[in-house]
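For reference, the structure discussed in these notes is given below.
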Amino acid sequence: MSFPHGGNVYEVAHQLGCSPDAILDFSASINPLGPPAGLWEELRKGYPALQHYPDISNRDLVEALAELHRAAPDQVVVGNGSTELIYWLARALNLERAVVAVPTFSEYLRAFQREGVGLERLVSTEDAGFQPDLEHLGARVAEARPDAVLLTHPGSPSGVLLAPQVRLWAVEACRSQGWTAIIDEAFIDFCEEESLKSLLMETTPLVIIRSMTKFYAIPGLRLGYILTSPELARRIRQLVPPWSINTFAQIAGAYCARQEKYRAETIALVTREREFLAAGLGESGLGRAIPGVANYLLVRMADHLPGVRKLQEDLLHRHRILIRDCWNFDGVGERFFRIAVRLPEQNRRLLAALKEWVETVG
């Protein structure tokens, strides 16, 4: 029972013959607090607007995001989830060749290959937190001479940030060498101060991909956006279909962008529970969690234990707990799995199930 993405509770429930609500989902890294308080009331107030087409310019949403990130509205492009925008990027940037630091979100590879982009993979190692080092990244770019370089910050699935020297090099090199730096910041909300958005300039070929799915717990509404230069934003925006963002998503996105208290509460909870989970995993004898900064942990199983597939199946059948195996992340291997950071009671339930499993099979 294996799936290319996390959060597929509907298919899992179908195979198990149970309700999706019966599954405790640690495979999708969604804010454990759920959507911000008051969002349902905002959507209910917006219900009469469903008789009209959505605002084709997404004005309120774009302005809210621009204000949040201290950017100009013409630097913001919104889409029906960041995945939609990924699929338009290669065409908008007219890419022929790209260097992709892996592991990363698998849809980048699919999207670029669909557009016929020649891909040069740079595989990072466990010792480096599955993030590229400057020496190997610079050498690969010099050899490949790409139109774009894709980096993930923090890493997926490791949650490790790019090294400061790699961040600065990416921005300076793309300016001087003429390629586009594409930075996936889908999980940077959990450590916003580390974002590369402060390095955006009018003429910098820098594209920052953001998601509202993870931090604001609204994956069902599908909402993502890009921060970039006005010129690149214009080119990307021309490809996005009209009315790509529905009215409820527009309302929700603008509302979420203005929830400062919710952001502070989220970061406090996730930081505390991530540390608790990492410590518990170490004590369980299951394996080692890679230190990260996002709302998930990548775990390497101890070599003497059975593989991740058996762990995943046993957790599902015995406890209705779903974890994310990482078989389809390039360079990660079959001994790794990822777990989301959830509420305290749920995290304790997971650790108890993992400890029981180790005692049973170890």
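Residue numbering restarts at 1 in every chain; chains get A, B, ... in the order shown in the structure tokens, and ligands count up from 1 in that same order.
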
Tell me which protein, DNA and RNA residues are within 6 Å of segment 335-343 of chain A, counting only C-alpha atoms, leaving out same-chain ones fewer than 2 positions away, and put them as a PDB file with C-alpha atoms, in the first residue's frame.
```
ATOM      1  CA  PHE A  26       0.811  11.665   9.673  1.00  0.00           C
ATOM      2  CA  SER A  27       1.651  11.439   5.966  1.00  0.00           C
ATOM      3  CA  SER A  29       2.311  17.859   6.732  1.00  0.00           C
ATOM      4  CA  PRO A  32      -2.248  20.515  13.325  1.00  0.00           C
ATOM      5  CA  ARG A 274       8.673  18.607  16.752  1.00  0.00           C
ATOM      6  CA  ASN A 295       6.278  20.734  10.559  1.00  0.00           C
ATOM      7  CA  TYR A 296       7.564  17.247   9.761  1.00  0.00           C
ATOM      8  CA  LEU A 297      10.463  14.941  10.505  1.00  0.00           C
ATOM      9  CA  LEU A 298      12.376  12.636   8.181  1.00  0.00           C
ATOM     10  CA  VAL A 299      13.329   9.444  10.006  1.00  0.00           C
ATOM     11  CA  ARG A 300      15.954   6.869   9.094  1.00  0.00           C
ATOM     12  CA  MET A 301      15.028   3.422  10.383  1.00  0.00           C
ATOM     13  CA  ILE A 323       2.915   7.641   7.688  1.00  0.00           C
ATOM     14  CA  ARG A 324       4.693   8.780   4.522  1.00  0.00           C
ATOM     15  CA  ASP A 325       7.161   6.333   3.040  1.00  0.00           C
ATOM     16  CA  CYS A 326       9.808   8.137   0.987  1.00  0.00           C
ATOM     17  CA  GLY A 333      16.235   5.352  -0.191  1.00  0.00           C
ATOM     18  CA  GLU A 345      -2.231  13.699  22.108  1.00  0.00           C
ATOM     19  CA  GLN A 346      -1.878  12.482  18.523  1.00  0.00           C
ATOM     20  CA  ASN A 347       1.922  12.605  18.667  1.00  0.00           C
TER      21      ASN A 347
END
```

DSSP alpha helix (DSSP H) selection over segment 170-272 of chain A, as JSON, numbers by chain
{"A": [170, 171, 172, 173, 174, 175, 176, 177, 213, 214, 215, 216, 230, 231, 232, 233, 234, 235, 236, 237, 247, 248, 249, 250, 251, 252, 253, 254, 255, 256, 257, 260, 261, 262, 263, 264, 265, 266, 267, 268, 269, 270, 271, 272]}

Prev. selection, C-alpha atoms, output as a tab-separated table (two decimals), in the first residue's frame:
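Final output, result-v7.tsv:
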```tsv
chain	number	residue	atom	x	y	z
A	170	ALA	CA	22.11	31.18	-5.90
A	171	VAL	CA	20.90	34.78	-6.00
A	172	GLU	CA	24.25	36.28	-7.03
A	173	ALA	CA	25.00	33.60	-9.61
A	174	CYS	CA	21.61	33.82	-11.30
A	175	ARG	CA	22.10	37.58	-11.68
A	176	SER	CA	25.59	37.28	-13.11
A	177	GLN	CA	25.16	34.11	-15.20
A	213	THR	CA	-1.95	24.56	2.00
A	214	LYS	CA	0.48	23.51	4.70
A	215	PHE	CA	0.64	26.37	7.15
A	216	TYR	CA	-3.02	27.38	7.03
A	230	PRO	CA	7.25	42.06	-12.03
A	231	GLU	CA	8.43	40.93	-15.47
A	232	LEU	CA	8.61	37.24	-14.58
A	233	ALA	CA	5.29	37.54	-12.74
A	234	ARG	CA	3.66	38.97	-15.86
A	235	ARG	CA	4.93	36.09	-18.02
A	236	ILE	CA	3.71	33.45	-15.57
A	237	ARG	CA	0.38	35.20	-15.02
A	247	THR	CA	-14.30	32.63	-4.69
A	248	PHE	CA	-13.95	30.66	-1.45
A	249	ALA	CA	-10.21	30.24	-2.02
A	250	GLN	CA	-9.87	33.98	-2.63
A	251	ILE	CA	-11.72	34.76	0.60
A	252	ALA	CA	-9.79	32.17	2.60
A	253	GLY	CA	-6.39	33.22	1.28
A	254	ALA	CA	-6.89	36.90	2.04
A	255	TYR	CA	-8.22	36.09	5.51
A	256	CYS	CA	-5.37	33.69	6.34
A	257	ALA	CA	-2.71	36.15	5.22
A	260	GLU	CA	-0.71	37.12	12.83
A	261	LYS	CA	-1.79	35.58	16.16
A	262	TYR	CA	-2.52	32.26	14.45
A	263	ARG	CA	0.96	32.26	12.91
A	264	ALA	CA	2.60	32.79	16.30
A	265	GLU	CA	0.53	30.04	17.95
A	266	THR	CA	1.33	27.64	15.12
A	267	ILE	CA	5.09	28.17	15.30
A	268	ALA	CA	5.13	27.75	19.09
A	269	LEU	CA	3.15	24.50	18.94
A	270	VAL	CA	5.06	22.99	16.02
A	271	THR	CA	8.46	23.84	17.50
A	272	ARG	CA	7.59	22.26	20.84
```

Would you mind writing down, as a PyMOL selection string, each residue of segment 115-341 of chain A that DSSP on the backbone assigns to strand (DSSP E)?
chain A and resi 118-123+148-152+180-184+206-211+224-227+287-290+296-301+321-322+324-325+336-340

Residue subset to file, keeping N, CA and C atoms, as a tab-separated table (two decimals), in the first residue's frame:
```
chain	number	residue	atom	x	y	z
A	118	GLY	N	15.44	19.41	-20.37
A	118	GLY	CA	16.50	18.49	-20.02
A	118	GLY	C	16.89	18.68	-18.56
A	119	LEU	N	16.85	17.60	-17.78
A	119	LEU	CA	17.08	17.69	-16.34
A	119	LEU	C	18.44	17.14	-15.96
A	120	GLU	N	19.16	17.90	-15.16
A	120	GLU	CA	20.39	17.44	-14.54
A	120	GLU	C	20.14	17.34	-13.04
A	121	ARG	N	20.11	16.13	-12.52
A	121	ARG	CA	19.86	15.93	-11.09
A	121	ARG	C	21.16	16.03	-10.29
A	122	LEU	N	21.10	16.78	-9.21
A	122	LEU	CA	22.20	16.82	-8.26
A	122	LEU	C	21.70	16.15	-6.97
A	123	VAL	N	22.20	14.96	-6.70
A	123	VAL	CA	21.71	14.17	-5.57
A	123	VAL	C	22.48	14.54	-4.31
A	148	ALA	N	17.86	27.24	-15.63
A	148	ALA	CA	17.29	27.41	-14.29
A	148	ALA	C	17.91	26.41	-13.33
A	149	VAL	N	17.90	26.77	-12.05
A	149	VAL	CA	18.34	25.88	-10.98
A	149	VAL	C	17.23	25.84	-9.94
A	150	LEU	N	16.81	24.63	-9.57
A	150	LEU	CA	15.74	24.46	-8.58
A	150	LEU	C	16.31	23.98	-7.27
A	151	LEU	N	16.01	24.73	-6.19
A	151	LEU	CA	16.42	24.38	-4.84
A	151	LEU	C	15.19	24.40	-3.94
A	152	THR	N	15.21	23.58	-2.89
A	152	THR	CA	14.07	23.48	-1.98
A	152	THR	C	14.51	23.94	-0.59
A	180	THR	N	17.73	31.32	-14.13
A	180	THR	CA	16.69	31.64	-13.14
A	180	THR	C	16.85	30.74	-11.92
A	181	ALA	N	16.83	31.33	-10.75
A	181	ALA	CA	16.85	30.57	-9.50
A	181	ALA	C	15.40	30.33	-9.07
A	182	ILE	N	14.99	29.06	-9.00
A	182	ILE	CA	13.66	28.69	-8.55
A	182	ILE	C	13.80	28.10	-7.15
A	183	ILE	N	13.20	28.75	-6.18
A	183	ILE	CA	13.33	28.32	-4.78
A	183	ILE	C	11.95	27.89	-4.27
A	184	ASP	N	11.83	26.62	-3.94
A	184	ASP	CA	10.58	26.11	-3.36
A	184	ASP	C	10.59	26.41	-1.86
A	206	LEU	N	14.72	35.56	-9.99
A	206	LEU	CA	14.48	34.72	-8.82
A	206	LEU	C	12.99	34.44	-8.70
A	207	VAL	N	12.62	33.17	-8.58
A	207	VAL	CA	11.23	32.76	-8.44
A	207	VAL	C	11.09	32.00	-7.13
A	208	ILE	N	10.24	32.50	-6.24
A	208	ILE	CA	10.00	31.86	-4.96
A	208	ILE	C	8.58	31.29	-4.96
A	209	ILE	N	8.49	29.98	-4.77
A	209	ILE	CA	7.19	29.30	-4.79
A	209	ILE	C	6.71	29.09	-3.36
A	210	ARG	N	5.48	29.52	-3.10
A	210	ARG	CA	4.91	29.42	-1.75
A	210	ARG	C	3.59	28.67	-1.81
A	211	SER	N	3.20	28.12	-0.66
A	211	SER	CA	1.95	27.38	-0.55
A	211	SER	C	1.18	27.87	0.66
A	224	GLY	N	-1.92	28.46	-3.87
A	224	GLY	CA	-0.48	28.71	-3.80
A	224	GLY	C	-0.15	29.98	-4.54
A	225	TYR	N	1.10	30.42	-4.42
A	225	TYR	CA	1.47	31.66	-5.10
A	225	TYR	C	2.97	31.71	-5.33
A	226	ILE	N	3.36	32.64	-6.17
A	226	ILE	CA	4.76	32.87	-6.51
A	226	ILE	C	5.11	34.32	-6.20
A	227	LEU	N	6.31	34.52	-5.67
A	227	LEU	CA	6.89	35.85	-5.51
A	227	LEU	C	8.08	35.94	-6.46
A	287	GLY	N	14.80	4.58	15.15
A	287	GLY	CA	15.74	5.19	14.24
A	287	GLY	C	16.05	6.61	14.65
A	288	ARG	N	16.60	7.38	13.70
A	288	ARG	CA	17.06	8.74	13.98
A	288	ARG	C	16.30	9.74	13.13
A	289	ALA	N	15.79	10.80	13.77
A	289	ALA	CA	15.13	11.88	13.03
A	289	ALA	C	16.16	12.92	12.62
A	290	ILE	N	16.12	13.32	11.36
A	290	ILE	CA	17.02	14.38	10.88
A	290	ILE	C	16.51	15.72	11.42
A	296	TYR	N	7.42	18.68	10.01
A	296	TYR	CA	7.56	17.25	9.76
A	296	TYR	C	8.97	16.82	10.12
A	297	LEU	N	9.16	15.51	10.23
A	297	LEU	CA	10.46	14.94	10.50
A	297	LEU	C	10.72	13.80	9.54
A	298	LEU	N	11.93	13.76	8.99
A	298	LEU	CA	12.38	12.64	8.18
A	298	LEU	C	13.16	11.70	9.09
A	299	VAL	N	12.77	10.43	9.07
A	299	VAL	CA	13.33	9.44	10.01
A	299	VAL	C	14.02	8.33	9.23
A	300	ARG	N	15.25	8.02	9.66
A	300	ARG	CA	15.95	6.87	9.09
A	300	ARG	C	15.82	5.69	10.05
A	301	MET	N	15.24	4.60	9.55
A	301	MET	CA	15.03	3.42	10.38
A	301	MET	C	16.34	2.73	10.68
A	321	ILE	N	-3.04	4.38	11.59
A	321	ILE	CA	-2.12	5.51	11.51
A	321	ILE	C	-1.40	5.44	10.18
A	322	LEU	N	-1.37	6.55	9.46
A	322	LEU	CA	-0.73	6.60	8.14
A	322	LEU	C	0.53	7.47	8.20
A	324	ARG	N	4.28	8.55	5.92
A	324	ARG	CA	4.69	8.78	4.52
A	324	ARG	C	5.99	8.03	4.24
A	325	ASP	N	5.91	6.95	3.47
A	325	ASP	CA	7.16	6.33	3.04
A	325	ASP	C	7.78	7.21	1.96
A	336	PHE	N	13.81	5.28	4.83
A	336	PHE	CA	13.35	6.55	5.38
A	336	PHE	C	11.84	6.68	5.30
A	337	PHE	N	11.26	7.32	6.32
A	337	PHE	CA	9.87	7.71	6.27
A	337	PHE	C	9.72	9.09	6.90
A	338	ARG	N	8.61	9.75	6.59
A	338	ARG	CA	8.37	11.10	7.10
A	338	ARG	C	7.08	11.10	7.92
A	339	ILE	N	7.11	11.86	9.01
A	339	ILE	CA	5.90	12.02	9.82
A	339	ILE	C	5.63	13.51	10.02
A	340	ALA	N	4.37	13.87	9.99
A	340	ALA	CA	3.98	15.25	10.27
A	340	ALA	C	4.00	15.49	11.77
```

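Considering the residues A:Ala142, A:Leu33, A:Ala111, A:Ala128 and counting only C-alpha atoms, Ile86 of chain A has its shortest atom-to-atom contact with A:Ala111.
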
Got a sec: who's within 12 Å of Arg114 of chain A, counting only C-alpha atoms, leaving out chain neighbours fewer than 4 positions off, as a PDB file with N, CA and C atoms, in the first residue's frame?
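part.pdb, written as the output of this step:
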```
ATOM      1  N   ILE A  86       3.697  25.313 -10.626  1.00  0.00           N
ATOM      2  CA  ILE A  86       4.883  24.553 -11.024  1.00  0.00           C
ATOM      3  C   ILE A  86       4.761  24.100 -12.472  1.00  0.00           C
ATOM      4  N   TYR A  87       3.559  23.674 -12.852  1.00  0.00           N
ATOM      5  CA  TYR A  87       3.372  23.168 -14.218  1.00  0.00           C
ATOM      6  C   TYR A  87       3.428  24.282 -15.267  1.00  0.00           C
ATOM      7  N   TRP A  88       3.203  25.524 -14.869  1.00  0.00           N
ATOM      8  CA  TRP A  88       3.303  26.621 -15.816  1.00  0.00           C
ATOM      9  C   TRP A  88       4.705  27.210 -15.891  1.00  0.00           C
ATOM     10  N   LEU A  89       5.525  26.942 -14.893  1.00  0.00           N
ATOM     11  CA  LEU A  89       6.825  27.604 -14.803  1.00  0.00           C
ATOM     12  C   LEU A  89       7.737  27.330 -16.001  1.00  0.00           C
ATOM     13  N   ALA A  90       7.882  26.042 -16.329  1.00  0.00           N
ATOM     14  CA  ALA A  90       8.819  25.691 -17.395  1.00  0.00           C
ATOM     15  C   ALA A  90       8.442  26.385 -18.702  1.00  0.00           C
ATOM     16  N   ARG A  91       7.131  26.480 -18.968  1.00  0.00           N
ATOM     17  CA  ARG A  91       6.691  27.135 -20.202  1.00  0.00           C
ATOM     18  C   ARG A  91       6.876  28.643 -20.124  1.00  0.00           C
ATOM     19  N   LEU A  95      12.194  27.185 -20.559  1.00  0.00           N
ATOM     20  CA  LEU A  95      13.370  26.431 -20.146  1.00  0.00           C
ATOM     21  C   LEU A  95      13.726  25.334 -21.149  1.00  0.00           C
ATOM     22  N   GLU A  96      15.008  25.147 -21.347  1.00  0.00           N
ATOM     23  CA  GLU A  96      15.499  24.019 -22.125  1.00  0.00           C
ATOM     24  C   GLU A  96      16.268  23.026 -21.256  1.00  0.00           C
ATOM     25  N   GLU A 107       6.591  16.581  -8.288  1.00  0.00           N
ATOM     26  CA  GLU A 107       5.877  17.220  -9.386  1.00  0.00           C
ATOM     27  C   GLU A 107       6.764  18.154 -10.201  1.00  0.00           C
ATOM     28  N   TYR A 108       7.862  18.634  -9.634  1.00  0.00           N
ATOM     29  CA  TYR A 108       8.785  19.440 -10.428  1.00  0.00           C
ATOM     30  C   TYR A 108       9.352  18.633 -11.581  1.00  0.00           C
ATOM     31  N   LEU A 109       9.801  17.435 -11.288  1.00  0.00           N
ATOM     32  CA  LEU A 109      10.385  16.595 -12.328  1.00  0.00           C
ATOM     33  C   LEU A 109       9.354  16.262 -13.395  1.00  0.00           C
ATOM     34  N   ARG A 110       8.141  15.948 -12.974  1.00  0.00           N
ATOM     35  CA  ARG A 110       7.083  15.620 -13.939  1.00  0.00           C
ATOM     36  C   ARG A 110       6.740  16.836 -14.800  1.00  0.00           C
ATOM     37  N   GLY A 118      15.435  19.414 -20.369  1.00  0.00           N
ATOM     38  CA  GLY A 118      16.501  18.490 -20.019  1.00  0.00           C
ATOM     39  C   GLY A 118      16.889  18.677 -18.564  1.00  0.00           C
ATOM     40  N   LEU A 119      16.851  17.599 -17.781  1.00  0.00           N
ATOM     41  CA  LEU A 119      17.077  17.695 -16.338  1.00  0.00           C
ATOM     42  C   LEU A 119      18.437  17.139 -15.958  1.00  0.00           C
TER      43      LEU A 119
END
```

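Each of A:Arg348, A:His317, A:Arg140, A:His52 was checked against Ala101 of chain A using only C-alpha atoms; the smallest atom-to-atom distance is that of A:Arg140.
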
Nearby residues (only C-alpha atoms) at most 7 Å from Pro73 of chain A, same-chain spacing under 3 positions excluded, as number ranges by chain
A: 62-63, 66, 76

Which residues are near segment 12-17 of chain A? Cut-off 8 Å, only C-alpha atoms, ignore same chain within fewer than 3 positions. Put them as a list in words.
Met1, Asn8, Val9, Pro20, Ile23 and His317 of chain A

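Among the candidate residues A:Glu115, A:Tyr53, A:Gln75, A:Asp330, the one lying nearest to Ser229 of chain A is A:Gln75, with distances computed using only C-alpha atoms.
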
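Across the model, the gap from atom CA of Asp55 of chain A to atom CA of Met212 of chain A is 18.9 Å.
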
Pick from A:Ile30, A:Ala353, A:Ala294, A:Ala144, whichever lies nearest to Glu185 of chain A using only C-alpha atoms
A:Ala294

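One distance worth recording is that between atom CA of Phe276 of chain A and atom CA of Arg320 of chain A, which is 21.7 Å.
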
The distance between atom CA of Gly155 of chain A and atom CA of Leu221 of chain A is 23.9 Å
